[in-house]
file final_13.cif (mmCIF, C-alpha atoms)
data_my_file
#
loop_
_atom_site.label_atom_id
_atom_site.label_comp_id
_atom_site.auth_asym_id
_atom_site.auth_seq_id
_atom_site.Cartn_x
_atom_site.Cartn_y
_atom_site.Cartn_z
CA MET A 1 -24.27 -2.42 4.62
CA ILE A 2 -22.04 -4.92 6.44
CA ASP A 3 -22.29 -4.48 10.19
CA TYR A 4 -19.25 -5.39 12.25
CA GLU A 5 -19.34 -5.98 15.95
CA ALA A 6 -15.92 -4.47 16.55
CA PRO A 7 -16.03 -2.63 19.90
CA MET A 8 -14.14 0.59 20.39
CA GLN A 9 -12.05 -0.93 23.17
CA LYS A 10 -10.01 -2.97 20.70
CA LYS A 11 -6.46 -1.98 21.31
CA SER A 12 -4.13 -0.90 18.60
CA PHE A 13 -0.90 -2.32 17.32
CA PHE A 14 0.30 1.26 17.65
CA LEU A 15 -0.54 2.11 21.26
CA SER A 16 2.38 2.56 23.61
CA LYS A 17 3.13 -0.36 25.90
CA ALA A 18 2.13 1.65 28.95
CA SER A 19 -1.29 2.54 27.57
CA ARG A 20 -2.22 -0.86 26.18
CA PRO A 21 -5.01 -2.74 27.90
CA LYS A 22 -4.58 -6.45 28.39
CA GLY A 23 -6.39 -8.99 26.22
CA GLY A 24 -8.16 -8.12 22.95
CA ARG A 25 -5.59 -7.63 20.26
CA SER A 26 -2.85 -8.95 22.53
CA ALA A 27 -4.56 -12.33 22.56
CA ILE A 28 -4.91 -12.27 18.78
CA LYS A 29 -1.25 -11.42 18.30
CA LYS A 30 -0.14 -14.11 20.77
CA CYS A 31 -2.33 -16.62 18.97
CA LEU A 32 -0.69 -15.68 15.68
CA PHE A 33 2.74 -15.93 17.33
CA PHE A 34 2.10 -19.47 18.57
CA LEU A 35 0.66 -20.50 15.20
CA LEU A 36 3.85 -19.32 13.55
CA LEU A 37 5.96 -21.08 16.20
CA ILE A 38 4.12 -24.37 15.61
CA ALA A 39 4.55 -24.01 11.86
CA VAL A 40 8.28 -23.41 12.25
CA LEU A 41 8.67 -26.46 14.51
CA LEU A 42 6.80 -28.63 12.02
CA ALA A 43 9.17 -27.47 9.30
CA ALA A 44 12.34 -27.97 11.35
CA GLY A 45 13.06 -31.47 10.06
CA PRO A 46 15.56 -32.88 12.57
CA VAL A 47 14.22 -35.33 15.15
CA LEU A 48 14.38 -34.32 18.81
CA ARG A 49 14.71 -36.71 21.71
CA PHE A 50 15.44 -36.18 25.39
CA VAL A 51 18.69 -37.67 26.61
CA SER A 52 18.88 -39.51 29.87
CA PRO A 53 21.02 -38.22 32.72
CA ALA A 54 23.49 -41.03 32.05
CA ASP A 55 24.24 -39.80 28.56
CA GLU A 56 27.63 -38.11 28.78
CA SER A 57 27.24 -36.41 25.39
CA SER A 58 24.79 -33.86 26.76
CA GLN A 59 23.45 -32.31 29.93
CA ALA A 60 20.64 -34.14 31.65
CA GLY A 61 17.17 -33.56 30.31
CA LEU A 62 18.20 -31.28 27.43
CA PRO A 63 16.97 -31.98 23.90
CA GLN A 64 19.50 -33.30 21.45
CA ILE A 65 19.29 -33.16 17.66
CA LEU A 66 20.04 -36.58 16.22
CA PRO A 67 22.07 -36.85 13.01
CA PRO A 68 20.27 -38.55 10.10
CA GLU A 69 22.21 -41.81 10.43
CA SER A 70 21.15 -42.31 14.07
CA ARG A 71 17.43 -41.78 13.54
CA ASP A 72 15.05 -44.64 14.16
CA PRO A 73 14.19 -46.03 10.71
CA GLU A 74 10.64 -46.67 11.94
CA THR A 75 10.10 -42.96 12.72
CA PRO A 76 7.75 -41.45 10.13
CA ARG A 77 9.33 -38.68 8.07
CA THR A 78 7.80 -35.86 6.09
CA GLU A 79 9.01 -35.88 2.51
CA GLY A 80 9.97 -32.51 1.02
CA PRO A 81 9.97 -29.06 2.57
CA VAL A 82 7.10 -27.97 4.80
CA SER A 83 5.59 -24.63 3.82
CA VAL A 84 5.54 -22.15 6.71
CA PRO A 85 2.74 -19.59 6.32
CA GLU A 86 3.82 -15.97 6.45
CA PRO A 87 2.07 -13.52 8.82
CA ALA A 88 0.15 -11.92 5.93
CA GLU A 89 -1.23 -15.32 4.88
CA ILE A 90 -2.31 -16.16 8.44
CA LEU A 91 -4.10 -12.82 8.68
CA LEU A 92 -5.72 -13.23 5.25
CA ASN A 93 -7.05 -16.66 6.19
CA SER A 94 -8.67 -15.22 9.33
CA MET A 95 -10.61 -12.51 7.46
CA THR A 96 -14.18 -12.54 6.19
CA VAL A 97 -14.95 -11.70 2.58
CA GLU A 98 -16.35 -8.34 3.65
CA GLU A 99 -13.21 -7.48 5.60
CA LYS A 100 -11.10 -8.37 2.57
CA VAL A 101 -13.20 -6.12 0.33
CA TYR A 102 -12.88 -3.16 2.70
CA GLN A 103 -9.07 -3.59 2.64
CA LEU A 104 -9.15 -2.67 -1.06
CA PHE A 105 -10.30 0.90 -0.37
CA VAL A 106 -8.32 4.00 0.56
CA VAL A 107 -10.69 6.89 1.27
CA THR A 108 -10.83 10.32 2.84
CA PRO A 109 -11.98 10.41 6.47
CA ASP A 110 -14.98 12.46 5.26
CA SER A 111 -16.15 9.40 3.29
CA LEU A 112 -16.54 7.48 6.53
CA THR A 113 -18.30 10.13 8.61
CA GLY A 114 -20.12 12.43 6.20
CA GLN A 115 -18.49 15.38 7.96
CA SER A 116 -16.42 17.73 5.83
CA PRO A 117 -13.74 18.37 6.65
CA GLU A 118 -13.30 15.51 9.10
CA THR A 119 -10.58 16.47 11.59
CA GLY A 120 -11.03 13.80 14.24
CA GLU A 121 -12.15 16.23 16.91
CA ASP A 122 -15.13 14.07 17.89
CA ASP A 123 -15.65 10.29 17.90
CA ALA A 124 -17.29 10.01 14.46
CA LEU A 125 -14.19 8.78 12.61
CA TYR A 126 -13.16 6.38 15.36
CA THR A 127 -16.67 4.95 15.61
CA ALA A 128 -16.89 4.46 11.84
CA LEU A 129 -13.58 2.68 11.30
CA PRO A 130 -14.31 -0.59 13.15
CA SER A 131 -17.57 -1.08 11.24
CA ARG A 132 -16.09 -0.02 7.88
CA PRO A 133 -12.50 -1.30 8.14
CA VAL A 134 -10.97 0.30 5.05
CA GLY A 135 -7.42 -0.37 3.98
CA GLY A 136 -6.30 3.22 4.34
CA LEU A 137 -7.07 6.91 4.72
CA ILE A 138 -5.91 9.72 2.46
CA PHE A 139 -5.67 13.20 3.95
CA ASN A 140 -5.65 16.62 2.35
CA ALA A 141 -4.85 20.00 3.85
CA SER A 142 -8.40 20.56 5.10
CA HIS A 143 -8.06 17.63 7.51
CA LEU A 144 -4.88 18.96 9.09
CA ILE A 145 -5.19 21.78 11.63
CA SER A 146 -2.03 21.46 13.69
CA ARG A 147 0.75 18.99 14.29
CA GLU A 148 -0.76 17.95 17.61
CA GLN A 149 -4.23 17.44 16.13
CA THR A 150 -2.84 15.53 13.13
CA ALA A 151 -0.69 13.20 15.23
CA ALA A 152 -3.56 12.52 17.64
CA MET A 153 -6.02 11.86 14.80
CA LEU A 154 -3.73 9.38 13.05
CA GLU A 155 -2.77 7.65 16.30
CA THR A 156 -6.38 7.21 17.37
CA ALA A 157 -7.44 6.02 13.91
CA GLN A 158 -4.77 3.34 14.10
CA ALA A 159 -5.81 2.47 17.65
CA VAL A 160 -9.32 1.44 16.60
CA SER A 161 -8.14 -0.49 13.53
CA LEU A 162 -7.34 -4.19 13.91
CA ILE A 163 -5.29 -4.18 10.70
CA PRO A 164 -2.91 -1.21 10.34
CA LEU A 165 -4.24 1.58 8.16
CA LEU A 166 -2.31 3.12 5.32
CA THR A 167 -2.20 6.79 6.30
CA CYS A 168 -1.19 8.72 3.23
CA ALA A 169 -1.13 12.09 1.53
CA ASP A 170 0.14 13.68 -1.69
CA GLU A 171 3.34 15.26 -0.39
CA GLU A 172 5.54 16.07 -3.38
CA GLY A 173 6.93 19.52 -2.69
CA GLY A 174 6.21 22.65 -4.69
CA ARG A 175 2.54 23.22 -5.50
CA VAL A 176 1.41 19.74 -4.42
CA THR A 177 1.79 19.46 -0.68
CA ARG A 178 -0.59 18.74 2.16
CA LEU A 179 1.72 19.20 5.14
CA MET A 180 4.29 21.85 4.27
CA ASN A 181 1.94 24.82 3.99
CA THR A 182 -0.49 23.64 6.68
CA LEU A 183 1.64 22.11 9.42
CA GLY A 184 4.92 23.89 8.79
CA THR A 185 6.99 20.84 7.88
CA THR A 186 10.19 21.44 5.94
CA ARG A 187 9.44 23.50 2.86
CA LEU A 188 10.67 22.13 -0.48
CA ASP A 189 10.23 23.59 -3.95
CA ALA A 190 8.93 21.64 -6.93
CA MET A 191 11.17 18.65 -7.69
CA PHE A 192 11.83 19.95 -11.21
CA SER A 193 13.78 22.86 -9.73
CA TYR A 194 16.33 20.44 -8.21
CA ARG A 195 17.01 18.47 -11.40
CA SER A 196 20.53 19.85 -11.94
CA LEU A 197 21.62 18.93 -8.39
CA GLY A 198 21.73 15.22 -9.09
CA PRO A 199 20.51 12.04 -7.42
CA GLU A 200 21.99 12.93 -4.03
CA THR A 201 19.61 15.88 -3.69
CA ALA A 202 16.66 13.80 -4.95
CA TYR A 203 17.49 11.24 -2.26
CA ASP A 204 17.87 13.88 0.47
CA ASN A 205 14.61 15.61 -0.43
CA ALA A 206 12.69 12.34 -0.30
CA ALA A 207 14.31 11.36 3.00
CA LEU A 208 13.38 14.75 4.46
CA ILE A 209 9.74 14.43 3.38
CA ALA A 210 9.67 10.91 4.79
CA LYS A 211 11.02 11.97 8.19
CA ASP A 212 8.46 14.77 8.46
CA MET A 213 5.56 12.51 7.50
CA LEU A 214 6.62 9.68 9.80
CA SER A 215 6.97 12.07 12.73
CA LEU A 216 3.24 12.87 12.46
CA GLY A 217 2.04 9.30 12.02
CA PHE A 218 1.82 9.03 8.24
CA ASN A 219 3.22 5.82 6.80
CA ALA A 220 2.79 6.35 3.04
CA ASP A 221 3.35 9.08 0.47
CA LEU A 222 1.68 9.21 -2.93
CA ALA A 223 5.00 10.27 -4.45
CA PRO A 224 7.37 10.45 -6.28
CA VAL A 225 6.03 11.64 -9.63
CA ALA A 226 7.59 9.41 -12.28
CA ASP A 227 6.08 11.34 -15.19
CA VAL A 228 8.45 13.28 -17.46
CA TRP A 229 7.61 16.87 -18.42
CA SER A 230 8.21 16.19 -22.10
CA ASN A 231 5.33 18.35 -23.34
CA PRO A 232 5.79 22.04 -22.40
CA ALA A 233 2.05 22.58 -22.84
CA ASN A 234 1.30 20.04 -20.11
CA THR A 235 0.15 21.86 -16.96
CA VAL A 236 -1.21 19.06 -14.76
CA ILE A 237 2.29 17.61 -14.30
CA GLY A 238 4.69 20.38 -15.32
CA ASP A 239 7.21 21.11 -12.58
CA ARG A 240 5.92 18.25 -10.45
CA ALA A 241 8.13 16.04 -12.63
CA TYR A 242 11.75 15.46 -11.67
CA SER A 243 12.96 16.30 -15.17
CA ASP A 244 12.05 16.90 -18.81
CA ASN A 245 14.66 14.31 -19.82
CA TYR A 246 13.73 10.64 -19.65
CA ALA A 247 17.10 9.26 -18.59
CA GLN A 248 17.65 11.98 -15.99
CA ALA A 249 14.15 11.49 -14.60
CA ALA A 250 14.82 7.77 -14.25
CA GLU A 251 18.00 8.42 -12.25
CA LEU A 252 16.36 11.00 -9.97
CA VAL A 253 13.17 9.00 -9.37
CA ALA A 254 15.19 5.93 -8.39
CA ALA A 255 17.18 8.02 -5.91
CA ALA A 256 13.95 9.44 -4.45
CA VAL A 257 12.53 5.94 -3.99
CA ARG A 258 15.64 4.96 -2.05
CA GLY A 259 15.30 8.09 0.08
CA PHE A 260 11.70 7.30 1.00
CA ARG A 261 12.24 3.61 1.62
CA GLU A 262 15.41 3.89 3.68
CA GLN A 263 13.50 6.08 6.12
CA GLY A 264 10.74 3.47 6.30
CA LEU A 265 8.01 5.33 4.39
CA ILE A 266 5.91 3.55 1.76
CA CYS A 267 6.21 5.37 -1.57
CA THR A 268 4.26 5.42 -4.83
CA LEU A 269 5.39 5.89 -8.42
CA LYS A 270 2.80 7.84 -10.39
CA HIS A 271 1.04 8.08 -12.92
CA PHE A 272 1.66 4.97 -15.03
CA PRO A 273 1.97 4.71 -18.02
CA GLY A 274 3.05 8.39 -17.92
CA HIS A 275 1.12 11.66 -17.68
CA GLY A 276 3.86 14.06 -18.77
CA ASP A 277 3.08 14.25 -22.49
CA THR A 278 -0.68 14.79 -22.27
CA LEU A 279 -2.51 18.01 -23.06
CA GLU A 280 -5.58 17.20 -20.97
CA ASP A 281 -5.89 17.08 -17.19
CA SER A 282 -7.44 13.78 -16.05
CA HIS A 283 -8.95 15.55 -13.03
CA TYR A 284 -11.44 17.16 -15.39
CA SER A 285 -11.61 15.09 -18.58
CA ALA A 286 -10.21 12.10 -20.42
CA ALA A 287 -6.46 12.47 -21.08
CA TYR A 288 -4.67 10.91 -24.06
CA ILE A 289 -1.15 9.68 -24.80
CA HIS A 290 -0.52 9.58 -28.55
CA LYS A 291 2.61 7.42 -28.72
CA ASP A 292 3.24 3.97 -30.09
CA PRO A 293 4.26 1.12 -27.75
CA GLU A 294 7.91 1.18 -28.76
CA THR A 295 8.21 4.90 -27.99
CA LEU A 296 6.46 4.45 -24.65
CA ARG A 297 8.89 1.70 -23.68
CA ALA A 298 11.88 3.83 -24.69
CA GLN A 299 10.64 7.01 -22.99
CA GLU A 300 7.68 7.12 -20.57
CA PHE A 301 8.40 3.75 -18.99
CA LEU A 302 12.03 4.51 -18.06
CA PRO A 303 11.44 6.30 -14.71
CA PHE A 304 8.90 3.65 -13.70
CA ILE A 305 11.33 0.85 -14.49
CA ALA A 306 14.07 2.60 -12.51
CA GLY A 307 11.73 3.23 -9.58
CA ILE A 308 10.55 -0.38 -9.56
CA GLU A 309 14.14 -1.61 -9.57
CA ALA A 310 14.88 0.74 -6.65
CA GLY A 311 12.15 -0.96 -4.63
CA ALA A 312 9.02 1.21 -4.94
CA ASP A 313 6.18 -0.19 -2.84
CA MET A 314 3.29 0.99 -5.02
CA VAL A 315 2.61 2.16 -8.56
CA MET A 316 -0.36 4.41 -9.26
CA ILE A 317 -2.27 3.94 -12.50
CA GLY A 318 -3.29 7.17 -14.19
CA HIS A 319 -6.71 7.56 -15.82
CA LEU A 320 -5.00 7.82 -19.17
CA ASN A 321 -6.17 6.76 -22.61
CA VAL A 322 -3.44 5.13 -24.71
CA PRO A 323 -5.05 4.09 -28.02
CA SER A 324 -1.91 2.29 -29.18
CA LEU A 325 -2.14 -0.05 -26.18
CA ASP A 326 -5.86 -0.49 -25.53
CA GLU A 327 -9.26 0.98 -26.27
CA VAL A 328 -10.15 1.54 -22.59
CA PRO A 329 -8.47 3.89 -20.07
CA ALA A 330 -5.38 2.50 -18.36
CA THR A 331 -7.16 2.09 -15.00
CA PHE A 332 -9.54 -0.44 -16.58
CA SER A 333 -7.09 -2.03 -19.01
CA ARG A 334 -5.82 -5.53 -18.28
CA LYS A 335 -3.30 -5.10 -21.09
CA ILE A 336 -1.73 -2.08 -19.36
CA VAL A 337 -2.10 -3.01 -15.68
CA SER A 338 -1.48 -6.75 -15.77
CA ASP A 339 0.24 -7.57 -19.07
CA ILE A 340 2.61 -4.58 -19.15
CA LEU A 341 3.11 -3.29 -15.59
CA ARG A 342 2.77 -6.58 -13.73
CA GLU A 343 4.22 -9.05 -16.24
CA GLU A 344 6.45 -7.17 -18.68
CA LEU A 345 7.94 -4.72 -16.17
CA GLY A 346 7.89 -7.29 -13.38
CA PHE A 347 6.25 -5.15 -10.71
CA ALA A 348 5.27 -7.40 -7.80
CA GLY A 349 4.06 -4.70 -5.39
CA VAL A 350 0.73 -2.99 -4.87
CA ILE A 351 -1.00 -1.28 -7.79
CA ILE A 352 -3.23 1.62 -6.72
CA THR A 353 -5.64 3.59 -8.87
CA ASP A 354 -5.56 7.35 -9.07
CA SER A 355 -8.55 8.96 -7.38
CA LEU A 356 -11.70 7.33 -8.70
CA SER A 357 -13.60 10.55 -8.06
CA MET A 358 -11.68 12.32 -10.84
CA ALA A 359 -13.73 13.07 -13.92
CA ALA A 360 -11.73 10.76 -16.19
CA ALA A 361 -12.79 7.81 -14.00
CA ALA A 362 -16.05 8.88 -12.37
CA GLY A 363 -17.52 9.78 -15.75
CA TYR A 364 -16.66 6.37 -17.20
CA ALA A 365 -19.27 4.33 -15.30
CA GLN A 366 -21.09 4.06 -11.97
CA THR A 367 -18.94 3.80 -8.84
CA GLY A 368 -19.48 0.10 -8.21
CA GLU A 369 -18.75 -0.73 -11.84
CA ILE A 370 -15.51 1.25 -12.06
CA CYS A 371 -14.26 -0.44 -8.87
CA VAL A 372 -14.96 -3.87 -10.31
CA GLN A 373 -13.40 -3.02 -13.67
CA ALA A 374 -10.25 -1.71 -11.97
CA LEU A 375 -9.93 -4.99 -10.06
CA GLU A 376 -10.54 -6.99 -13.23
CA ALA A 377 -7.70 -5.06 -14.86
CA GLY A 378 -5.36 -6.04 -12.01
CA CYS A 379 -5.42 -3.05 -9.66
CA ASP A 380 -5.16 -3.78 -5.93
CA LEU A 381 -6.11 -0.59 -4.08
CA LEU A 382 -9.09 1.58 -5.04
CA LEU A 383 -8.42 5.21 -4.18
CA ASP A 384 -11.11 7.69 -3.17
CA PRO A 385 -14.27 6.57 -5.00
CA ASP A 386 -17.22 8.97 -4.96
CA ASP A 387 -19.25 6.60 -2.81
CA LEU A 388 -17.51 4.05 -0.56
CA ASP A 389 -20.70 2.08 0.10
CA ALA A 390 -21.46 1.81 -3.62
CA GLY A 391 -17.92 0.64 -4.27
CA VAL A 392 -18.02 -2.01 -1.55
CA HIS A 393 -21.44 -3.28 -2.62
CA GLY A 394 -20.33 -3.36 -6.26
CA VAL A 395 -17.35 -5.58 -5.44
CA LEU A 396 -19.41 -7.83 -3.16
CA ALA A 397 -22.03 -8.23 -5.89
CA ALA A 398 -19.34 -9.16 -8.42
CA LEU A 399 -18.03 -11.80 -6.01
CA GLU A 400 -21.52 -13.15 -5.40
CA SER A 401 -22.23 -13.44 -9.12
CA GLY A 402 -18.88 -15.04 -9.90
CA ARG A 403 -17.70 -12.14 -12.05
CA LEU A 404 -14.83 -11.75 -9.56
CA SER A 405 -13.43 -14.83 -7.83
CA GLU A 406 -12.35 -14.94 -4.22
CA ASP A 407 -8.93 -16.08 -5.47
CA ARG A 408 -8.66 -12.81 -7.38
CA LEU A 409 -9.71 -10.89 -4.26
CA ASN A 410 -7.15 -12.78 -2.17
CA GLU A 411 -4.34 -11.91 -4.60
CA SER A 412 -4.82 -8.20 -4.03
CA VAL A 413 -5.48 -8.40 -0.30
CA LEU A 414 -2.39 -10.54 0.25
CA ARG A 415 -0.24 -7.99 -1.57
CA ILE A 416 -1.73 -5.22 0.58
CA LEU A 417 -1.18 -7.16 3.82
CA ARG A 418 2.40 -7.99 2.85
CA MET A 419 3.07 -4.29 2.31
CA LYS A 420 1.56 -3.57 5.72
CA THR A 421 3.50 -6.29 7.56
CA PRO A 422 6.43 -3.95 8.42
CA LEU A 423 3.90 -1.63 10.08
CA LEU A 424 3.32 -4.25 12.77
CA PRO A 425 5.63 -3.98 15.79
CA PRO A 426 7.59 -7.05 16.94
CA GLY A 427 5.55 -9.68 18.77
CA GLU A 428 7.63 -9.14 21.88
CA GLU A 429 5.93 -5.80 22.54
CA ASP A 430 2.87 -7.41 24.07
CA LYS A 431 4.82 -9.52 26.53
#
call {"tool": "encode", "arguments": {"input": "final_13.cif", "output": "structure tokens"}}
result
Amino acid sequence: MIDYEAPMQKKSFFLSKASRPKGGRSAIKKCLFFLLLIAVLLAAGPVLRFVSPADESSQAGLPQILPPESRDPETPRTEGPVSVPEPAEILLNSMTVEEKVYQLFVVTPDSLTGQSPETGEDDALYTALPSRPVGGLIFNASHLISREQTAAMLETAQAVSLIPLLTCADEEGGRVTRLMNTLGTTRLDAMFSYRSLGPETAYDNAALIAKDMLSLGFNADLAPVADVWSNPANTVIGDRAYSDNYAQAAELVAAAVRGFREQGLICTLKHFPGHGDTLEDSHYSAAYIHKDPETLRAQEFLPFIAGIEAGADMVMIGHLNVPSLDEVPATFSRKIVSDILREELGFAGVIITDSLSMAAAAGYAQTGEICVQALEAGCDLLLDPDDLDAGVHGVLAALESGRLSEDRLNESVLRILRMKTPLLPPGEEDK
């Protein structure tokens, strides 16, 4: 197991200004700020000189930008544009391989502490996070006792994390909710029941969920459902879908994405390539889609395409078998994840697996192996594996053997860090 010397006194990007200790993360952030400043100055191009007090064209001692024709021809010039690294790249370049690997995992707090349910009432979670710096935490109803406890748990978890955590839940409305029934946030029915009310209501419902989640410290929702309830015998999706009509679902899902994003909450389209026409439930067994590629493109893909165009941050891959596309489940299929979702549909955001503890995935191979195969397929985030340590060690072993390259690792981590960049407050806050 990788052992990190990350003391508990590290301050958070999320602590209030009044409660922040000096030094620690402040120094790191100021260092990053000055690195960015230097990079911008290097890229500026125009030559600066100081003008003497006798120069009437400017005030004494102030820098003046010289036009190209007045530059000294002997002054060396940089040909072409200078690339300025973005904050996510600077952070990526400062991370160890082990830290990068941990960023790939989103797990329950129980996975870190061994306590079930983990509610943050002692120091176990906050002690575990610095030494096992996962990319995010997913919470279910058992972790949430009250609004005060939930807000304090999420705030403290962020406080001990150098890189902001994704704090997420499945908050859809209807029968799939983690907050509404437990914490008394605004109650919404299943999204299918609102289908006749149009995109305005889909937008409003998403915005309402987003406001409630953000108020408690969550920054991501594993919603909206982009599956279409096209098979009446399907029970795993059913009224979780926005519609039983492909075109209507596309319109409503796009509106929901806008509702989430305009409030500032990360959202997730699920479950690509579409779970609405299956008979099986992938929680308990392999699930199959028996449609040819042309039909999938004309039907199942429509809400995902609309959601991507609306700006969805993440797409979740379902543990779905699509024999017409590939012989392996979608989660482990490069054809589905990379060739279709990434290349054909043009999705540039973060691709997250469905829970790797579900039977359709966990029964496919050992934990370390399914994590590696999901990355090989093109997934970025690995959600809720049965055994976090086995998953981390499996990925590290694949990197050591050359089965996975560090370039491939960096691709996913950079996408994750870019998505997290808006979670960082402005650099001025530490001044």
call {"tool": "resolve_selection", "arguments": {"input": "final_13.cif", "expression": "the PyMOL selection byres ((chain A and resi 357) around 8)", "output": "list in words"}}
result
Ser355, Leu356, Met358, Ala359, Ala361, Ala362, Asp384, Pro385 and Asp386 of chain A
call {"tool": "resolve_selection", "arguments": {"input": "final_13.cif", "expression": "the PyMOL selection byres ((chain A and resi 352) around 9)", "output": "list in words"}}
result
Thr268, Met314, Val315, Met316, Ile317, Val350, Ile351, Thr353, Asp354, Cys379, Asp380, Leu381, Leu382 and Leu383 of chain A
call {"tool": "resolve_selection", "arguments": {"input": "final_13.cif", "expression": "the PyMOL selection byres ((chain A and resi 151) around 10)", "output": "PyMOL selection string"}}
result
chain A and resi 144+146-150+152-157+213-218
call {"tool": "write_last_selection", "arguments": {"input": "final_13.cif", "atoms": "C-alpha atoms", "output": "CSV table (one decimal), in the frame of the given file"}}
result
chain,number,residue,atom,x,y,z
A,144,LEU,CA,-4.9,19.0,9.1
A,146,SER,CA,-2.0,21.5,13.7
A,147,ARG,CA,0.8,19.0,14.3
A,148,GLU,CA,-0.8,18.0,17.6
A,149,GLN,CA,-4.2,17.4,16.1
A,150,THR,CA,-2.8,15.5,13.1
A,152,ALA,CA,-3.6,12.5,17.6
A,153,MET,CA,-6.0,11.9,14.8
A,154,LEU,CA,-3.7,9.4,13.0
A,155,GLU,CA,-2.8,7.6,16.3
A,156,THR,CA,-6.4,7.2,17.4
A,157,ALA,CA,-7.4,6.0,13.9
A,213,MET,CA,5.6,12.5,7.5
A,214,LEU,CA,6.6,9.7,9.8
A,215,SER,CA,7.0,12.1,12.7
A,216,LEU,CA,3.2,12.9,12.5
A,217,GLY,CA,2.0,9.3,12.0
A,218,PHE,CA,1.8,9.0,8.2
call {"tool": "axis_aligned_box", "arguments": {"input": "final_13.cif", "around": "stretch 411-421 of chain A", "padding_each_side": "6 Å", "output": "JSON"}}
result
{"center_x": -1.0, "center_y": -7.7, "center_z": 1.5, "size_x": 21.0, "size_y": 20.3, "size_z": 24.2}
call {"tool": "residues_around", "arguments": {"input": "final_13.cif", "residues": "stretch 276-281 of chain A", "least_positions_apart": "6", "cutoff": "7 Å", "atoms": "only C-alpha atoms", "output": "PyMOL selection string"}}
result
chain A and resi 227-231+233-234+236-237+287-289
call {"tool": "atom_distance", "arguments": {"input": "final_13.cif", "atom1": "atom CA of A:Leu388", "atom2": "atom CA of A:Asp407"}}
result
22.4 Å
call {"tool": "atom_distance", "arguments": {"input": "final_13.cif", "atom1": "atom CA of A:Tyr246", "atom2": "atom CA of A:Val337"}}
result
21.3 Å
call {"tool": "atom_distance", "arguments": {"input": "final_13.cif", "atom1": "atom CA of A:Val107", "atom2": "atom CA of A:Ile138"}}
result
5.7 Å
call {"tool": "residues_around", "arguments": {"input": "final_13.cif", "residues": "A:Ala202", "least_positions_apart": "4", "cutoff": "12 Å", "atoms": "only C-alpha atoms", "output": "PyMOL selection string"}}
result
chain A and resi 172-173+188-198+206-209+224-225+241-243+248-260
call {"tool": "closest_residue", "arguments": {"input": "final_13.cif", "among": "A:Leu165, A:Ala390, A:Ala141, A:Leu375", "to": "A:Arg403", "atoms": "all atoms listed in the file"}}
result
A:Leu375
call {"tool": "closest_residue", "arguments": {"input": "final_13.cif", "among": "A:Arg342, A:Arg408, A:Lys211, A:Lys420", "to": "A:Glu376", "atoms": "all atoms listed in the file"}}
result
A:Arg408
call {"tool": "closest_atom_pairs", "arguments": {"input": "final_13.cif", "of": "stretch 314-424 of chain A", "to": "stretch 86-99 of chain A", "cutoff": "12 Å", "atoms": "all atoms listed in the file", "output": "Markdown table"}}
result
| residue | atom | partner | partner_atom | distance |
| --- | --- | --- | --- | --- |
| A:Asp389 | CA | A:Glu98 | CA | 11.8 |
| A:Val392 | CA | A:Glu98 | CA | 8.4 |
| A:His393 | CA | A:Glu98 | CA | 9.5 |
| A:Gly394 | CA | A:Glu98 | CA | 11.8 |
| A:Val395 | CA | A:Glu98 | CA | 9.6 |
| A:Leu396 | CA | A:Glu98 | CA | 7.5 |
| A:Ala397 | CA | A:Glu98 | CA | 11.1 |
| A:Leu399 | CA | A:Val97 | CA | 9.1 |
| A:Glu400 | CA | A:Val97 | CA | 10.4 |
| A:Ser405 | CA | A:Val97 | CA | 11.0 |
| A:Glu406 | CA | A:Val97 | CA | 8.0 |
| A:Asp407 | CA | A:Val97 | CA | 11.0 |
| A:Arg408 | CA | A:Val97 | CA | 11.8 |
| A:Leu409 | CA | A:Val97 | CA | 8.7 |
| A:Asn410 | CA | A:Leu92 | CA | 7.6 |
| A:Glu411 | CA | A:Leu92 | CA | 10.0 |
| A:Ser412 | CA | A:Leu92 | CA | 10.6 |
| A:Val413 | CA | A:Leu92 | CA | 7.4 |
| A:Leu414 | CA | A:Ala88 | CA | 6.4 |
| A:Arg415 | CA | A:Ala88 | CA | 8.5 |
| A:Ile416 | CA | A:Ala88 | CA | 8.8 |
| A:Leu417 | CA | A:Ala88 | CA | 5.4 |
| A:Arg418 | CA | A:Ala88 | CA | 5.5 |
| A:Met419 | CA | A:Ala88 | CA | 8.9 |
| A:Lys420 | CA | A:Ala88 | CA | 8.5 |
| A:Thr421 | CA | A:Ala88 | CA | 6.8 |
| A:Pro422 | CA | A:Ala88 | CA | 10.4 |
| A:Leu423 | CA | A:Ala88 | CA | 11.7 |
| A:Leu424 | CA | A:Pro87 | CA | 10.2 |
call {"tool": "closest_residue", "arguments": {"input": "final_13.cif", "among": "A:Leu137, A:Leu345, A:Ala247, A:Ile340", "to": "A:Gln158", "atoms": "all atoms listed in the file"}}
result
A:Leu137
call {"tool": "closest_residue", "arguments": {"input": "final_13.cif", "among": "A:Asp170, A:Asp122, A:Asp292, A:Asp326", "to": "A:Asp339", "atoms": "only C-alpha atoms"}}
result
A:Asp326
